[in-house]
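Engineer: Dropping a structure here in structure tokens format, bear with me for questions.
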Amino acid sequence: MEKKQNFFSVVLLGPPGSGKSAQALCLSKFFQLKHVDIGMELRKVAQEDTPQGKEIYNYMYKEHSLISDEIIENLLQNDICKRSECRRGIILDGAPRRIGQIERIEKILQKQEIPLLRVISLSVKKESLIKRIKHRYFCPRCFSFYIEGKDIQNAQKDLCPRCQYPLMKREDDTLEGVEKRLNIFEEETLPVIEEYRRKKILLEIDGDREGEIVCQNVYEQITLILREKEYENKNTSRN
Ligand code: AMP
């Protein structure tokens, strides 16, 4: 029987192009937790021909702004966290991104008994972010991301290595879109990171290194924290 006290969640934050999704995917494999990419979940809803789909599409692709806290809360509470694959915990990629989301999200995780263990903040130089986004392509079928020149040779000719579908650019990966999203990150998400620094659950990670090295580094730090927690739990149950 699985022990609920071992269930936990991790939040991953960073500017656009910082490699959040690649890191989340890697960590989700190491810890067998579900990778929840909020941006991708929103992109799926934005494709639907519904009032909510249209509203999200507008925010994401026309205004390049953040979606309302209510929509993020509802999506997480009424859909994502209800999925059986999330019961042991999640690697939450890209939320909370605004101060108002912190408490809402922590409450949901607490209620699901997959409490927030740590928040990882990836920092990457602006030049590297712009370069990565310029060469970034995605598959509209399986929603995987690839960097041209690294994961694929030629985005015009190559098909998605995972599902053999033609690749495309994300509609908001234009220079204007990136600049706007970087500003939003600085104005809205840096205060969130600051709040987690204050709460002493922030891990600040240099994301300007090879992806595998970054992931190994985070894995080691989280493993150490889990061991310490297990030790504390053992001691409290003995007393
Ligand atoms: P991403 O795929 O993480 O770059 O997110 C793409 C877009 O989804 C962002 O530019 C926002 O419009 C929206 N988005 C993603 N996460 C959030 C969030 N936590 N709160 C509000 N909007 C979000």
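Lettering and numbering for the structure tokens are positional, with chains as A, B, ... in the shown order, residues counted from 1 in each chain, and ligands counted from 1 in the shown order.
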Give me, as JSON lines, the closest atom pair and its distance (Å, one decimal) for every residue of chain A within a cut-off of 7 Å of ligand 1, counting only C-alpha atoms and all ligand atoms, rows sorted by chain and rising number.

Structural biologist:
{"residue": "A:Pro16", "atom": "CA", "partner": "ligand 1", "partner_atom_place_in_ligand_line": "4 (O)", "distance": 5.4}
{"residue": "A:Ile38", "atom": "CA", "partner": "ligand 1", "partner_atom_place_in_ligand_line": "16 (N)", "distance": 5.1}
{"residue": "A:Gly39", "atom": "CA", "partner": "ligand 1", "partner_atom_place_in_ligand_line": "2 (O)", "distance": 3.6}
{"residue": "A:Met40", "atom": "CA", "partner": "ligand 1", "partner_atom_place_in_ligand_line": "2 (O)", "distance": 5.7}
{"residue": "A:Leu42", "atom": "CA", "partner": "ligand 1", "partner_atom_place_in_ligand_line": "8 (O)", "distance": 6.1}
{"residue": "A:Tyr59", "atom": "CA", "partner": "ligand 1", "partner_atom_place_in_ligand_line": "12 (O)", "distance": 5.8}
{"residue": "A:Met60", "atom": "CA", "partner": "ligand 1", "partner_atom_place_in_ligand_line": "12 (O)", "distance": 4.0}
{"residue": "A:His64", "atom": "CA", "partner": "ligand 1", "partner_atom_place_in_ligand_line": "10 (O)", "distance": 5.6}
{"residue": "A:Ser65", "atom": "CA", "partner": "ligand 1", "partner_atom_place_in_ligand_line": "12 (O)", "distance": 4.9}
{"residue": "A:Leu66", "atom": "CA", "partner": "ligand 1", "partner_atom_place_in_ligand_line": "22 (N)", "distance": 3.7}
{"residue": "A:Ile67", "atom": "CA", "partner": "ligand 1", "partner_atom_place_in_ligand_line": "22 (N)", "distance": 3.9}
{"residue": "A:Ser68", "atom": "CA", "partner": "ligand 1", "partner_atom_place_in_ligand_line": "21 (C)", "distance": 5.9}
{"residue": "A:Asp69", "atom": "CA", "partner": "ligand 1", "partner_atom_place_in_ligand_line": "20 (N)", "distance": 6.3}
{"residue": "A:Ile72", "atom": "CA", "partner": "ligand 1", "partner_atom_place_in_ligand_line": "20 (N)", "distance": 6.1}
{"residue": "A:Gly94", "atom": "CA", "partner": "ligand 1", "partner_atom_place_in_ligand_line": "16 (N)", "distance": 5.0}
{"residue": "A:Ala95", "atom": "CA", "partner": "ligand 1", "partner_atom_place_in_ligand_line": "19 (N)", "distance": 3.7}
{"residue": "A:Pro96", "atom": "CA", "partner": "ligand 1", "partner_atom_place_in_ligand_line": "19 (N)", "distance": 4.8}
{"residue": "A:Arg97", "atom": "CA", "partner": "ligand 1", "partner_atom_place_in_ligand_line": "19 (N)", "distance": 4.5}
{"residue": "A:Arg98", "atom": "CA", "partner": "ligand 1", "partner_atom_place_in_ligand_line": "20 (N)", "distance": 6.6}
{"residue": "A:Arg181", "atom": "CA", "partner": "ligand 1", "partner_atom_place_in_ligand_line": "10 (O)", "distance": 6.0}

Engineer: Val178 in chain A: which residues within 8 Å, counting only C-alpha atoms, same-chain residues fewer than 4 positions away excluded, as a PDB file with N, CA and C atoms, in the first residue's frame?

Structural biologist:
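Saved to selection39.pdb:
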ATOM      1  N   PRO A  16       9.965  32.456 -20.164  1.00  0.00           N
ATOM      2  CA  PRO A  16       9.711  31.648 -21.363  1.00  0.00           C
ATOM      3  C   PRO A  16      11.038  31.226 -22.005  1.00  0.00           C
ATOM      4  N   ILE A 130      16.050  34.103 -25.875  1.00  0.00           N
ATOM      5  CA  ILE A 130      15.597  34.554 -27.201  1.00  0.00           C
ATOM      6  C   ILE A 130      16.063  33.546 -28.265  1.00  0.00           C
ATOM      7  N   ILE A 133      14.014  30.315 -28.115  1.00  0.00           N
ATOM      8  CA  ILE A 133      12.636  30.475 -28.596  1.00  0.00           C
ATOM      9  C   ILE A 133      12.612  30.642 -30.119  1.00  0.00           C
ATOM     10  N   ASP A 172       2.556  32.248 -30.235  1.00  0.00           N
ATOM     11  CA  ASP A 172       3.047  33.353 -29.401  1.00  0.00           C
ATOM     12  C   ASP A 172       4.575  33.394 -29.333  1.00  0.00           C
ATOM     13  N   ASP A 173       5.248  32.550 -30.109  1.00  0.00           N
ATOM     14  CA  ASP A 173       6.722  32.575 -30.120  1.00  0.00           C
ATOM     15  C   ASP A 173       7.265  33.561 -31.162  1.00  0.00           C
ATOM     16  N   THR A 174       6.655  34.734 -31.247  1.00  0.00           N
ATOM     17  CA  THR A 174       7.178  35.798 -32.108  1.00  0.00           C
ATOM     18  C   THR A 174       8.043  36.691 -31.221  1.00  0.00           C
ATOM     19  N   LEU A 182       8.203  38.118 -21.429  1.00  0.00           N
ATOM     20  CA  LEU A 182       9.336  38.366 -20.517  1.00  0.00           C
ATOM     21  C   LEU A 182       9.001  39.492 -19.538  1.00  0.00           C
TER      22      LEU A 182
END

Engineer: List the neighbours of Leu159 in chain A out to 10 Å using only C-alpha atoms; skip same-chain residues closer than 6 positions along the sequence, and give me the result as a list in words.

Structural biologist: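 Counting only C-alpha atoms, the residues come to Cys139, Ile152, Tyr165, Pro166, Leu167 and Met168 of chain A.
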
Engineer: If you run DSSP on the backbone, which residues of range 44-171 of chain A are helix (DSSP H, G or I), as JSON, numbers by chain?

Structural biologist: {"A": [44, 45, 46, 51, 52, 53, 54, 55, 56, 57, 58, 59, 60, 61, 62, 63, 69, 70, 71, 72, 73, 74, 75, 76, 77, 78, 79, 80, 81, 82, 84, 85, 86, 99, 100, 101, 102, 103, 104, 105, 106, 107, 108, 109, 110, 111, 126, 127, 128, 129, 130, 131, 132, 133, 134]}

Engineer: Residues within 7 Å of range 17-27 of chain A, please, as a list in words. Count only C-alpha atoms; anything in the same chain fewer than 5 positions from it doesn't count.

Structural biologist: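 Once the nearby chain positions are removed, what remains is Leu12, His35, Asp37, Ile91, Asp93, Leu122, Ser123, Val124, Leu129, Arg132, Ile133, Gly207, Cys215 and Tyr219 of chain A.
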
Engineer: Go through A:Cys81, A:Leu226, A:Ile184, A:Val192 one by one, measure the shortest atom-to-atom distance of each to Glu103 in chain A using only C-alpha atoms, and give the residue with the smallest value.

Structural biologist: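 For Glu103 in chain A, the nearest of the given residues is A:Val192.
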
Engineer: Which residues, written as JSON, numbers by chain, have at least one atom at most 10 Å from Glu148 in chain A, with only C-alpha atoms counted and residues fewer than 2 positions away on the same chain left out?

Structural biologist: {"A": [132, 133, 134, 135, 136, 137, 145, 146, 150, 151, 152, 153, 154, 155, 156, 158]}

Engineer: Using only C-alpha atoms, which residue out of A:Val45, A:Gly14, A:Gln32, A:Leu76 lies closest to Glu186 in chain A?

Structural biologist: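 Result for the nearest residue to Glu186 in chain A: A:Gly14.
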
Engineer: Please, which residues of range 16-64 of chain A, numbered as in this document, come out strand (DSSP E or B) from DSSP, as a ChimeraX atom specification?

Structural biologist: /A:34-37

Engineer: Skipping near chain neighbours, those fewer than 6 positions away, what residues fall within 7 Å of range 193-204 of chain A using only C-alpha atoms, listed as a ChimeraX atom specification?

Structural biologist: /A:118-122

Engineer: Here is a test: counting only C-alpha atoms, which residue of A:Glu113, A:Glu171, A:Asp208, A:Glu127 is nearest to Asn6 in chain A?

Structural biologist: A:Glu113

Engineer: Have a look at CA of Glu70 in chain A and CA of Gly53 in chain A and let me know their distance in Å, one decimal.

Structural biologist: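 CA of Gly53 in chain A lies at a distance of 14.4 Å from CA of Glu70 in chain A.
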
Engineer: Quick one: distance from CA of Ser144 in chain A to CA of Glu41 in chain A in Å, one decimal?

Structural biologist: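 So the two atoms, CA of Ser144 in chain A and CA of Glu41 in chain A, lie 12.5 Å apart.
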
Engineer: Env of Phe8 in chain A: 6 Å cut, atoms = only C-alpha atoms, seq-sep filter 3 positions within chain, self excluded. Answer as a short mmCIF file (atom, residue, chain, number, x, y, z; two decimals) with C-alpha atoms, in the first residue's frame.

Structural biologist:
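Contents of out-v4.cif, freshly written:
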data_model
loop_
_atom_site.label_atom_id
_atom_site.label_comp_id
_atom_site.auth_asym_id
_atom_site.auth_seq_id
_atom_site.Cartn_x
_atom_site.Cartn_y
_atom_site.Cartn_z
CA GLY A 89 1.89 14.13 -6.79
CA ILE A 114 0.03 16.04 -2.59
CA PRO A 115 1.50 19.09 -0.76
CA LEU A 116 4.03 21.45 -2.25
CA LEU A 117 7.55 20.33 -1.29
#
